[in-house]
>>> print(open('data-v6.cif').read())   # mmCIF, C-alpha atoms and all ligand atoms
data_coords
#
loop_
_atom_site.label_atom_id
_atom_site.label_comp_id
_atom_site.auth_asym_id
_atom_site.auth_seq_id
_atom_site.Cartn_x
_atom_site.Cartn_y
_atom_site.Cartn_z
CA MET A 21 -11.30 2.36 -59.29
CA ASP A 22 -10.53 1.74 -55.61
CA ARG A 23 -9.25 -1.80 -55.17
CA TYR A 24 -10.14 -1.79 -51.47
CA ASN A 25 -12.54 -0.01 -49.12
CA LYS A 26 -10.81 3.24 -48.24
CA LEU A 27 -11.79 5.11 -45.09
CA SER A 28 -11.81 8.46 -46.92
CA THR A 29 -14.26 7.12 -49.52
CA TYR A 30 -16.46 5.52 -46.85
CA TRP A 31 -16.67 8.77 -44.86
CA LYS A 32 -17.23 10.92 -47.96
CA LYS A 33 -20.19 8.75 -48.91
CA LEU A 34 -21.60 8.70 -45.39
CA PHE A 35 -21.21 12.40 -44.56
CA GLN A 36 -21.23 13.93 -48.06
CA THR A 37 -18.04 15.77 -47.14
CA ARG A 38 -14.40 15.06 -46.41
CA ILE A 39 -13.63 14.00 -42.83
CA GLN A 40 -10.19 14.89 -41.52
CA LYS A 41 -8.71 13.17 -38.49
CA VAL A 42 -7.50 15.44 -35.71
CA PRO A 43 -4.84 13.79 -33.51
CA LEU A 44 -5.37 14.46 -29.79
CA ASP A 45 -3.23 13.77 -26.76
CA ALA A 46 -5.27 13.51 -23.54
CA GLY A 47 -2.23 12.71 -21.40
CA PHE A 48 -3.08 9.07 -20.72
CA ASP A 49 -0.42 6.50 -19.87
CA CYS A 50 -0.24 2.80 -20.66
CA PRO A 51 -0.23 -0.18 -18.24
CA ASN A 52 2.50 -1.72 -20.35
CA ARG A 53 4.77 1.22 -19.59
CA ASP A 54 3.83 2.45 -16.13
CA GLY A 55 4.58 -0.83 -14.34
CA LEU A 56 1.09 -2.34 -13.98
CA ILE A 57 1.95 -4.93 -16.64
CA SER A 58 5.49 -3.93 -17.52
CA ARG A 59 7.85 -0.97 -17.52
CA ASN A 60 9.38 -1.80 -20.88
CA GLY A 61 6.41 -1.31 -23.21
CA CYS A 62 5.99 -3.03 -26.55
CA ILE A 63 9.38 -3.52 -28.20
CA PHE A 64 8.60 -0.86 -30.82
CA CYS A 65 7.00 1.76 -28.56
CA THR A 66 8.64 5.18 -28.57
CA ARG A 67 8.51 7.74 -25.78
CA LEU A 68 5.58 9.43 -27.58
CA GLY A 69 3.47 6.26 -27.44
CA SER A 70 2.24 6.84 -31.02
CA GLY A 71 1.17 10.33 -30.15
CA THR A 72 1.32 13.88 -31.41
CA GLY A 73 2.99 15.53 -28.44
CA LEU A 74 0.63 18.54 -28.28
CA GLY A 75 -0.63 17.40 -24.88
CA GLY A 76 3.00 17.35 -23.79
CA CYS A 77 3.14 21.10 -24.55
CA GLY A 78 0.41 21.60 -21.96
CA MET A 79 -2.33 22.33 -24.51
CA GLU A 80 -5.88 21.51 -23.38
CA LEU A 81 -7.84 19.01 -25.48
CA ARG A 82 -10.28 21.59 -26.85
CA ASP A 83 -7.38 23.85 -27.83
CA GLN A 84 -5.61 20.96 -29.54
CA TYR A 85 -8.75 20.29 -31.57
CA LEU A 86 -9.23 23.97 -32.47
CA TYR A 87 -5.54 24.34 -33.37
CA TRP A 88 -5.76 21.48 -35.88
CA ARG A 89 -9.17 22.62 -37.14
CA ILE A 90 -7.77 26.00 -38.20
CA ARG A 91 -4.76 24.42 -39.90
CA LEU A 92 -6.73 21.69 -41.69
CA ARG A 93 -9.51 24.03 -42.81
CA LYS A 94 -6.91 26.09 -44.70
CA LYS A 95 -6.13 22.99 -46.76
CA PHE A 96 -9.57 21.34 -46.93
CA LYS A 97 -12.14 24.14 -46.97
CA ASN A 98 -15.42 22.49 -46.03
CA CYS A 99 -14.20 19.38 -44.27
CA ALA A 100 -15.60 18.09 -40.98
CA PHE A 101 -13.53 16.29 -38.35
CA ALA A 102 -12.88 13.06 -36.51
CA ALA A 103 -11.39 13.69 -33.06
CA TYR A 104 -8.77 10.99 -32.60
CA LEU A 105 -7.60 10.23 -29.06
CA GLN A 106 -4.37 8.69 -30.25
CA SER A 107 -1.51 8.80 -27.75
CA TYR A 108 -0.96 5.81 -25.43
CA SER A 109 -4.04 3.92 -24.11
CA ASN A 110 -7.01 6.27 -23.97
CA THR A 111 -9.33 4.18 -21.83
CA TYR A 112 -6.71 3.37 -19.20
CA GLY A 113 -7.46 4.37 -15.61
CA PRO A 114 -10.72 5.04 -13.78
CA LEU A 115 -14.02 5.54 -15.58
CA SER A 116 -14.20 9.13 -14.27
CA ARG A 117 -11.02 9.99 -16.19
CA LEU A 118 -12.54 8.86 -19.47
CA GLU A 119 -15.79 10.71 -18.68
CA SER A 120 -13.89 13.91 -18.01
CA VAL A 121 -11.93 13.60 -21.28
CA LEU A 122 -15.11 13.03 -23.28
CA ASP A 123 -16.78 16.02 -21.56
CA GLN A 124 -14.02 18.22 -22.97
CA LEU A 125 -14.89 17.06 -26.48
CA LEU A 126 -18.60 17.92 -26.24
CA ASN A 127 -20.01 20.51 -28.66
CA LEU A 128 -16.79 21.05 -30.59
CA PRO A 129 -17.50 22.67 -33.96
CA ASP A 130 -17.71 20.32 -36.97
CA LEU A 131 -16.88 17.21 -34.93
CA ARG A 132 -18.73 14.30 -36.56
CA VAL A 133 -16.66 11.27 -35.53
CA LEU A 134 -14.85 10.13 -32.39
CA CYS A 135 -11.94 7.67 -32.62
CA VAL A 136 -10.37 6.26 -29.45
CA GLY A 137 -7.14 4.28 -29.50
CA THR A 138 -6.57 1.77 -26.72
CA ARG A 139 -5.50 -1.72 -25.68
CA PRO A 140 -7.93 -4.66 -25.42
CA ASP A 141 -7.16 -5.04 -21.70
CA CYS A 142 -8.01 -1.39 -20.91
CA ILE A 143 -11.67 -1.56 -21.79
CA ASP A 144 -14.67 -2.83 -19.84
CA LYS A 145 -18.47 -2.75 -19.94
CA ASP A 146 -18.80 0.63 -18.19
CA LYS A 147 -16.23 2.36 -20.39
CA ILE A 148 -17.89 0.97 -23.47
CA GLU A 149 -21.27 2.35 -22.27
CA VAL A 150 -19.71 5.78 -21.80
CA LEU A 151 -18.10 5.72 -25.25
CA ALA A 152 -21.31 4.50 -26.86
CA GLY A 153 -23.14 7.43 -25.25
CA PHE A 154 -20.88 10.09 -26.78
CA PRO A 155 -22.94 12.21 -29.20
CA ALA A 156 -20.88 11.69 -32.38
CA ASP A 157 -22.33 10.33 -35.61
CA GLU A 158 -19.85 7.45 -35.38
CA THR A 159 -17.55 6.28 -32.60
CA TRP A 160 -14.63 4.04 -33.51
CA LEU A 161 -12.69 2.06 -30.94
CA GLU A 162 -9.18 1.54 -32.31
CA LEU A 163 -7.92 -1.65 -30.69
CA GLY A 164 -4.32 -2.82 -30.96
CA LEU A 165 -3.99 -6.50 -31.82
CA GLN A 166 -0.75 -6.45 -33.87
CA SER A 167 -0.64 -10.25 -34.21
CA ALA A 168 -3.12 -13.07 -33.59
CA ASN A 169 -0.24 -15.30 -32.54
CA ASP A 170 0.21 -15.34 -28.75
CA LYS A 171 3.86 -16.39 -29.07
CA THR A 172 4.53 -13.25 -31.10
CA LEU A 173 2.52 -11.11 -28.67
CA ASN A 174 4.69 -12.47 -25.88
CA LEU A 175 7.90 -11.88 -27.84
CA ILE A 176 7.03 -8.26 -28.55
CA ASN A 177 5.93 -7.73 -24.93
CA ARG A 178 2.35 -6.73 -25.67
CA GLY A 179 1.09 -7.95 -22.30
CA HIS A 180 -2.24 -9.25 -23.70
CA THR A 181 -3.43 -12.20 -25.76
CA ALA A 182 -5.43 -12.58 -28.96
CA GLU A 183 -8.30 -13.86 -26.81
CA ASP A 184 -8.25 -10.59 -24.83
CA PHE A 185 -8.69 -8.80 -28.13
CA ALA A 186 -11.59 -11.03 -29.19
CA GLY A 187 -13.36 -10.46 -25.83
CA ALA A 188 -12.99 -6.66 -26.01
CA CYS A 189 -14.11 -6.69 -29.60
CA ASP A 190 -17.30 -8.65 -28.86
CA MET A 191 -18.16 -6.44 -25.91
CA ALA A 192 -17.68 -3.15 -27.82
CA ALA A 193 -19.29 -4.22 -31.09
CA GLY A 194 -22.29 -5.46 -29.11
CA LYS A 195 -22.88 -1.90 -27.89
CA GLY A 196 -22.70 -0.34 -31.33
CA LEU A 197 -19.11 0.87 -31.36
CA LYS A 198 -17.20 0.42 -34.58
CA ILE A 199 -13.98 -1.51 -34.10
CA CYS A 200 -10.79 -0.76 -36.00
CA ALA A 201 -8.09 -3.40 -35.41
CA HIS A 202 -4.41 -2.46 -35.69
CA VAL A 203 -2.09 -5.10 -37.14
CA ILE A 204 1.62 -5.06 -37.93
CA ALA A 205 3.42 -6.74 -40.83
CA GLY A 206 7.04 -7.78 -40.32
CA LEU A 207 6.99 -8.61 -36.60
CA PRO A 208 10.01 -10.59 -35.34
CA GLY A 209 9.71 -14.30 -36.07
CA GLU A 210 6.70 -13.90 -38.39
CA ASP A 211 6.46 -14.62 -42.11
CA ILE A 212 3.82 -13.75 -44.69
CA ASN A 213 1.70 -16.77 -43.67
CA ASP A 214 1.66 -15.65 -40.03
CA PHE A 215 0.45 -12.24 -41.19
CA ALA A 216 -2.25 -13.93 -43.29
CA ASP A 217 -3.29 -15.87 -40.16
CA THR A 218 -3.75 -12.59 -38.29
CA VAL A 219 -5.99 -11.30 -41.08
CA SER A 220 -7.92 -14.56 -41.02
CA PHE A 221 -8.40 -14.23 -37.24
CA LEU A 222 -9.76 -10.70 -37.72
CA ASN A 223 -12.15 -11.83 -40.43
CA ARG A 224 -13.83 -13.96 -37.77
CA GLN A 225 -14.22 -11.05 -35.30
CA PRO A 226 -16.92 -8.34 -35.41
CA VAL A 227 -14.44 -5.73 -36.68
CA HIS A 228 -15.47 -2.92 -39.03
CA GLY A 229 -12.02 -1.60 -39.90
CA ILE A 230 -8.33 -2.51 -40.11
CA LYS A 231 -5.16 -0.45 -39.95
CA ILE A 232 -2.19 -2.20 -41.53
CA HIS A 233 1.17 -1.01 -40.22
CA ASN A 234 4.70 -1.82 -41.38
CA LEU A 235 7.06 -2.43 -38.45
CA TYR A 236 9.86 0.14 -38.32
CA VAL A 237 12.72 0.73 -35.91
CA CYS A 238 12.75 3.87 -33.77
CA ALA A 239 15.53 5.21 -31.56
CA GLY A 240 15.36 4.32 -27.90
CA THR A 241 13.25 1.18 -28.34
CA THR A 242 14.02 -2.46 -27.56
CA LEU A 243 13.58 -3.14 -31.27
CA ALA A 244 16.40 -0.68 -32.01
CA GLU A 245 18.73 -2.76 -29.81
CA TRP A 246 17.68 -5.94 -31.62
CA TRP A 247 18.24 -4.26 -34.98
CA GLN A 248 21.67 -2.96 -33.96
CA ASP A 249 22.62 -6.45 -32.71
CA ARG A 250 21.39 -7.90 -36.04
CA LEU A 251 18.69 -9.88 -34.27
CA TYR A 252 15.99 -8.19 -36.32
CA ALA A 253 15.80 -6.94 -39.92
CA PRO A 254 12.82 -4.91 -41.14
CA LEU A 255 10.99 -5.90 -44.32
CA THR A 256 12.16 -4.36 -47.58
CA LEU A 257 9.68 -2.12 -49.37
CA GLU A 258 9.00 -4.88 -51.91
CA GLU A 259 8.42 -7.46 -49.16
CA TYR A 260 6.07 -5.19 -47.25
CA ALA A 261 4.07 -4.30 -50.35
CA THR A 262 3.73 -8.01 -51.20
CA TRP A 263 2.57 -8.91 -47.66
CA ALA A 264 0.09 -6.01 -47.51
CA ALA A 265 -1.29 -6.65 -51.01
CA GLN A 266 -1.87 -10.31 -50.16
CA ALA A 267 -3.53 -9.30 -46.89
CA ILE A 268 -5.90 -6.98 -48.74
CA THR A 269 -7.05 -9.84 -50.98
CA LEU A 270 -7.81 -11.85 -47.84
CA ILE A 271 -9.64 -9.16 -45.84
CA ARG A 272 -13.42 -9.62 -45.52
CA PRO A 273 -15.10 -7.49 -48.23
CA ASP A 274 -17.15 -5.35 -45.81
CA ILE A 275 -14.18 -4.19 -43.70
CA ILE A 276 -12.98 -0.59 -44.14
CA ILE A 277 -9.21 -0.31 -44.53
CA HIS A 278 -8.16 2.74 -42.53
CA ARG A 279 -4.53 2.71 -43.59
CA THR A 280 -1.98 0.60 -45.44
CA ALA A 281 1.28 2.08 -44.14
CA SER A 282 2.69 3.58 -40.96
CA ASP A 283 3.69 7.18 -40.48
CA PRO A 284 6.70 7.34 -38.14
CA ALA A 285 8.02 10.59 -36.66
CA GLY A 286 11.00 11.31 -38.93
CA ALA A 287 13.45 12.25 -36.18
CA GLU A 288 13.00 8.92 -34.38
CA LEU A 289 13.14 6.59 -37.41
CA MET A 290 16.26 4.43 -37.69
CA ALA A 291 15.19 1.81 -40.26
CA PRO A 292 14.05 1.07 -42.88
CA ALA A 293 14.69 4.33 -44.75
CA TRP A 294 11.70 3.75 -47.04
CA ALA A 295 9.34 3.99 -44.03
CA GLU A 296 9.98 7.73 -43.89
CA LYS A 297 7.52 8.30 -46.74
CA LYS A 298 4.33 6.32 -46.28
CA SER A 299 3.28 7.17 -49.84
CA MET A 300 6.07 4.90 -51.13
CA ALA A 301 4.54 1.87 -49.45
CA MET A 302 0.99 2.85 -50.39
CA ASN A 303 1.97 3.28 -54.05
CA ALA A 304 3.90 -0.01 -54.09
CA ILE A 305 0.84 -1.86 -52.74
CA ASP A 306 -1.46 -0.19 -55.27
CA LYS A 307 0.92 -1.17 -58.08
CA ILE A 308 0.85 -4.84 -57.10
CA LEU A 309 -2.95 -4.88 -56.86
CA GLU A 310 -3.19 -3.13 -60.22
CA LYS A 311 -0.64 -5.37 -61.94
CA ASN A 312 -2.35 -8.56 -60.72
CA ASN A 313 -5.87 -7.15 -61.11
CA GLN A 314 -6.56 -7.94 -57.43
CA HIS A 315 -9.03 -6.41 -55.01
CA GLN A 316 -10.08 -6.64 -51.37
CA GLY A 317 -11.63 -9.92 -50.32
CA GLN A 318 -11.12 -11.83 -53.55
CA ASN A 319 -9.40 -14.64 -51.64
CA PHE A 320 -11.50 -14.29 -48.49
CA THR A 321 -13.62 -17.40 -48.97
CA LYS A 322 -10.68 -19.47 -50.13
CA LEU A 323 -8.68 -18.50 -47.06
CA SER A 324 -11.57 -19.30 -44.69
CA GLN A 325 -12.10 -22.71 -46.27
CA ILE A 326 -8.46 -23.72 -46.38
CA ARG A 327 -7.46 -22.66 -42.92
CA HIS A 328 -10.53 -22.80 -40.75
CA THR A 329 -12.86 -25.66 -41.66
S1 LIG A 401 0.27 -0.54 -25.89
FE1 LIG A 401 0.83 1.26 -27.12
S2 LIG A 401 1.46 2.84 -25.63
FE2 LIG A 401 1.44 0.85 -24.58
S3 LIG A 401 3.54 0.09 -24.68
FE3 LIG A 401 2.44 -0.79 -26.43
S4 LIG A 401 2.71 0.66 -28.14
FE4 LIG A 401 3.31 1.72 -26.24
#
>>> encode(input="data-v6.cif", output="structure tokens")
Amino acid sequence: MDRYNKLSTYWKKLFQTRIQKVPLDAGFDCPNRDGLISRNGCIFCTRLGSGTGLGGCGMELRDQYLYWRIRLRKKFKNCAFAAYLQSYSNTYGPLSRLESVLDQLLNLPDLRVLCVGTRPDCIDKDKIEVLAGFPADETWLELGLQSANDKTLNLINRGHTAEDFAGACDMAAGKGLKICAHVIAGLPGEDINDFADTVSFLNRQPVHGIKIHNLYVCAGTTLAEWWQDRLYAPLTLEEYATWAAQAITLIRPDIIIHRTASDPAGAELMAPAWAEKKSMAMNAIDKILEKNNQHQGQNFTKLSQIRHT
């Protein structure tokens, strides 16, 4: 029995087949790195900006998709695909840039879903209209929130507020896009209650999905300097599993949980060592839920009443 709404199960039910995500790099930048907001980026951001790097090899978007399609079809015979514009902020820049990127994704074989990762301050009404008009069966807007606490957002140099997130979320959900919010457990200065507050904030937004990430330290980041200077210590595997399991019990029952652990590029990971294998975290979370006979949303009402009446 699944103890929470898994994306794979949701898609299998909806499309009657497995949907595999195809990571794409359209060569976008980010206002938090190119100087518009900041040149430093978020404290955990690596030079790949959460991307796959194939765009960096000069491969066109269609070729990236077809490259992954061949590889994934060897493993999952009859699967269909979700094109995932992942690297950096994929709605940054002029509207025409986004239109041109989406044009390249038209009529790709077996593409059923479009997922677009971006920041809440890089989206507006016109871009949302263009995304909503893309002919996929589902279009997900993957919006980074990370924390609902503005002090934390400031500390990690996000360059936007929780209110920016809420505004973008309302605008996009109102046009039929599905919203997947990204949150991070173990941010500097936060404890398990702060993380629960972020989940509670999301429960009150029109979000359809959540990605739960564990914060890890990568080479070349500001966080790496903090870690080396002993100003920051990542969560242990046990701590992370406890935080994530509690979060799952608090998440609104209708929300689809897209992931419960991060997947860092091995060569860049400095700490914690357990983050190298995301299955370790996923299994540890499942074990806690199993042991305590817990499931998604069982504490949702309680949380809402205690904290927000
Ligand atoms: S918003 Fe994303 S790409 Fe931009 S600095 Fe932060 S982590 Fe990096």
>>> residues_near_ligand(input="data-v6.cif", ligand="ligand LIG 401 (chain A)", cutoff="9 Å", atoms="all atoms listed in the file", output="PyMOL selection string")
chain A and resi 49-54+58-71+107-109+137-139+164+177-179
>>> closest_residue(input="data-v6.cif", among="A:Ser167, A:Ser116, A:Gln316, A:Gln84", to="Ile277 (chain A)", atoms="only C-alpha atoms")
A:Gln316
>>> closest_residue(input="data-v6.cif", among="A:Gln318, A:Asn169, A:Arg272, A:Cys142", to="Thr111 (chain A)", atoms="all atoms listed in the file")
A:Cys142
>>> closest_residue(input="data-v6.cif", among="A:Ala267, A:Ile276, A:Leu92, A:Ala239", to="Thr29 (chain A)", atoms="only C-alpha atoms")
A:Ile276
>>> closest_residue(input="data-v6.cif", among="A:Phe35, A:Arg91, A:Asp141, A:Ser282", to="Ile57 (chain A)", atoms="only C-alpha atoms")
A:Asp141
>>> residues_around(input="data-v6.cif", residues="Gln36 (chain A)", least_positions_apart="3", cutoff="12 Å", atoms="all atoms listed in the file", output="PyMOL selection string")
chain A and resi 28-33+39+98-100+132
>>> write_last_selection(input="data-v6.cif", atoms="C-alpha atoms", output="PDB file, in the coordinates of the input")
ATOM      1  CA  SER A  28     -11.810   8.460 -46.920  1.00  0.00           C
ATOM      2  CA  THR A  29     -14.260   7.120 -49.520  1.00  0.00           C
ATOM      3  CA  TYR A  30     -16.460   5.520 -46.850  1.00  0.00           C
ATOM      4  CA  TRP A  31     -16.670   8.770 -44.860  1.00  0.00           C
ATOM      5  CA  LYS A  32     -17.230  10.920 -47.960  1.00  0.00           C
ATOM      6  CA  LYS A  33     -20.190   8.750 -48.910  1.00  0.00           C
ATOM      7  CA  ILE A  39     -13.630  14.000 -42.830  1.00  0.00           C
ATOM      8  CA  ASN A  98     -15.420  22.490 -46.030  1.00  0.00           C
ATOM      9  CA  CYS A  99     -14.200  19.380 -44.270  1.00  0.00           C
ATOM     10  CA  ALA A 100     -15.600  18.090 -40.980  1.00  0.00           C
ATOM     11  CA  ARG A 132     -18.730  14.300 -36.560  1.00  0.00           C
TER      12      ARG A 132
END
>>> residues_near_point(input="data-v6.cif", point="(-10.9, -12.6, -38.7)", cutoff="12 Å", atoms="only C-alpha atoms", output="NGL selection string")
:A and (165 or 167-168 or 182 or 185-186 or 189 or 201 or 203 or 215-230 or 267 or 270-275 or 317 or 320-321 or 323-324 or 327-328)
>>> residues_around(input="data-v6.cif", residues="Ser120 (chain A)", least_positions_apart="2", cutoff="12 Å", atoms="all atoms listed in the file", output="number ranges by chain")
A: 46, 81, 110-111, 113-118, 122-126, 150-151, 154
>>> axis_aligned_box(input="data-v6.cif", around="region 42-47 of chain A", padding_each_side="6 Å", output="JSON")
{"center_x": -4.9, "center_y": 14.1, "center_z": -28.6, "size_x": 17.3, "size_y": 14.7, "size_z": 26.3}
>>> decode(input="data-v6.cif", residues="region 183-242 of chain A", atoms="C-alpha atoms", output="PDB file, in the first residue's frame")
ATOM      1  CA  GLU A 183       4.290  36.171  -1.008  1.00  0.00           C
ATOM      2  CA  ASP A 184       5.893  36.199  -4.480  1.00  0.00           C
ATOM      3  CA  PHE A 185       5.382  32.451  -4.538  1.00  0.00           C
ATOM      4  CA  ALA A 186       1.736  32.724  -3.477  1.00  0.00           C
ATOM      5  CA  GLY A 187       1.047  35.341  -6.198  1.00  0.00           C
ATOM      6  CA  ALA A 188       2.652  33.243  -8.960  1.00  0.00           C
ATOM      7  CA  CYS A 189       0.837  30.184  -7.734  1.00  0.00           C
ATOM      8  CA  ASP A 190      -2.587  31.865  -7.827  1.00  0.00           C
ATOM      9  CA  MET A 191      -1.967  33.282 -11.291  1.00  0.00           C
ATOM     10  CA  ALA A 192      -0.818  29.955 -12.802  1.00  0.00           C
ATOM     11  CA  ALA A 193      -3.371  27.710 -11.106  1.00  0.00           C
ATOM     12  CA  GLY A 194      -6.106  30.089 -12.263  1.00  0.00           C
ATOM     13  CA  LYS A 195      -5.147  29.326 -15.876  1.00  0.00           C
ATOM     14  CA  GLY A 196      -5.205  25.564 -15.440  1.00  0.00           C
ATOM     15  CA  LEU A 197      -1.514  24.877 -14.918  1.00  0.00           C
ATOM     16  CA  LYS A 198      -0.635  22.313 -12.296  1.00  0.00           C
ATOM     17  CA  ILE A 199       1.751  23.664  -9.684  1.00  0.00           C
ATOM     18  CA  CYS A 200       4.502  21.603  -8.093  1.00  0.00           C
ATOM     19  CA  ALA A 201       6.186  23.424  -5.190  1.00  0.00           C
ATOM     20  CA  HIS A 202       9.806  22.653  -4.294  1.00  0.00           C
ATOM     21  CA  VAL A 203      10.702  22.727  -0.601  1.00  0.00           C
ATOM     22  CA  ILE A 204      13.936  21.972   1.241  1.00  0.00           C
ATOM     23  CA  ALA A 205      14.363  20.321   4.642  1.00  0.00           C
ATOM     24  CA  GLY A 206      17.423  21.240   6.699  1.00  0.00           C
ATOM     25  CA  LEU A 207      17.904  24.857   5.609  1.00  0.00           C
ATOM     26  CA  PRO A 208      20.256  26.915   7.824  1.00  0.00           C
ATOM     27  CA  GLY A 209      18.550  28.184  10.961  1.00  0.00           C
ATOM     28  CA  GLU A 210      15.429  26.029  10.485  1.00  0.00           C
ATOM     29  CA  ASP A 211      14.142  23.209  12.679  1.00  0.00           C
ATOM     30  CA  ILE A 212      11.473  20.575  12.110  1.00  0.00           C
ATOM     31  CA  ASN A 213       8.723  23.029  13.151  1.00  0.00           C
ATOM     32  CA  ASP A 214       9.866  25.587  10.568  1.00  0.00           C
ATOM     33  CA  PHE A 215       9.679  22.861   7.933  1.00  0.00           C
ATOM     34  CA  ALA A 216       6.168  21.962   9.128  1.00  0.00           C
ATOM     35  CA  ASP A 217       5.239  25.650   8.788  1.00  0.00           C
ATOM     36  CA  THR A 218       6.362  25.589   5.152  1.00  0.00           C
ATOM     37  CA  VAL A 219       4.142  22.564   4.510  1.00  0.00           C
ATOM     38  CA  SER A 220       1.277  24.312   6.263  1.00  0.00           C
ATOM     39  CA  PHE A 221       1.780  27.392   4.058  1.00  0.00           C
ATOM     40  CA  LEU A 222       1.651  25.198   0.946  1.00  0.00           C
ATOM     41  CA  ASN A 223      -1.516  23.477   2.117  1.00  0.00           C
ATOM     42  CA  ARG A 224      -3.196  26.877   1.879  1.00  0.00           C
ATOM     43  CA  GLN A 225      -2.019  27.518  -1.712  1.00  0.00           C
ATOM     44  CA  PRO A 226      -3.566  26.074  -4.899  1.00  0.00           C
ATOM     45  CA  VAL A 227      -0.691  23.615  -5.354  1.00  0.00           C
ATOM     46  CA  HIS A 228      -1.178  20.173  -6.907  1.00  0.00           C
ATOM     47  CA  GLY A 229       2.238  18.703  -6.132  1.00  0.00           C
ATOM     48  CA  ILE A 230       5.248  18.933  -3.813  1.00  0.00           C
ATOM     49  CA  LYS A 231       8.882  17.973  -4.220  1.00  0.00           C
ATOM     50  CA  ILE A 232      10.647  17.467  -0.898  1.00  0.00           C
ATOM     51  CA  HIS A 233      14.410  17.947  -1.069  1.00  0.00           C
ATOM     52  CA  ASN A 234      17.101  17.316   1.539  1.00  0.00           C
ATOM     53  CA  LEU A 235      19.690  20.107   1.636  1.00  0.00           C
ATOM     54  CA  TYR A 236      23.154  18.862   0.686  1.00  0.00           C
ATOM     55  CA  VAL A 237      26.496  20.600   0.272  1.00  0.00           C
ATOM     56  CA  CYS A 238      28.073  20.833  -3.177  1.00  0.00           C
ATOM     57  CA  ALA A 239      31.559  22.004  -4.122  1.00  0.00           C
ATOM     58  CA  GLY A 240      31.900  25.614  -5.176  1.00  0.00           C
ATOM     59  CA  THR A 241      28.798  26.869  -3.363  1.00  0.00           C
ATOM     60  CA  THR A 242      28.420  29.381  -0.544  1.00  0.00           C
TER      61      THR A 242
END
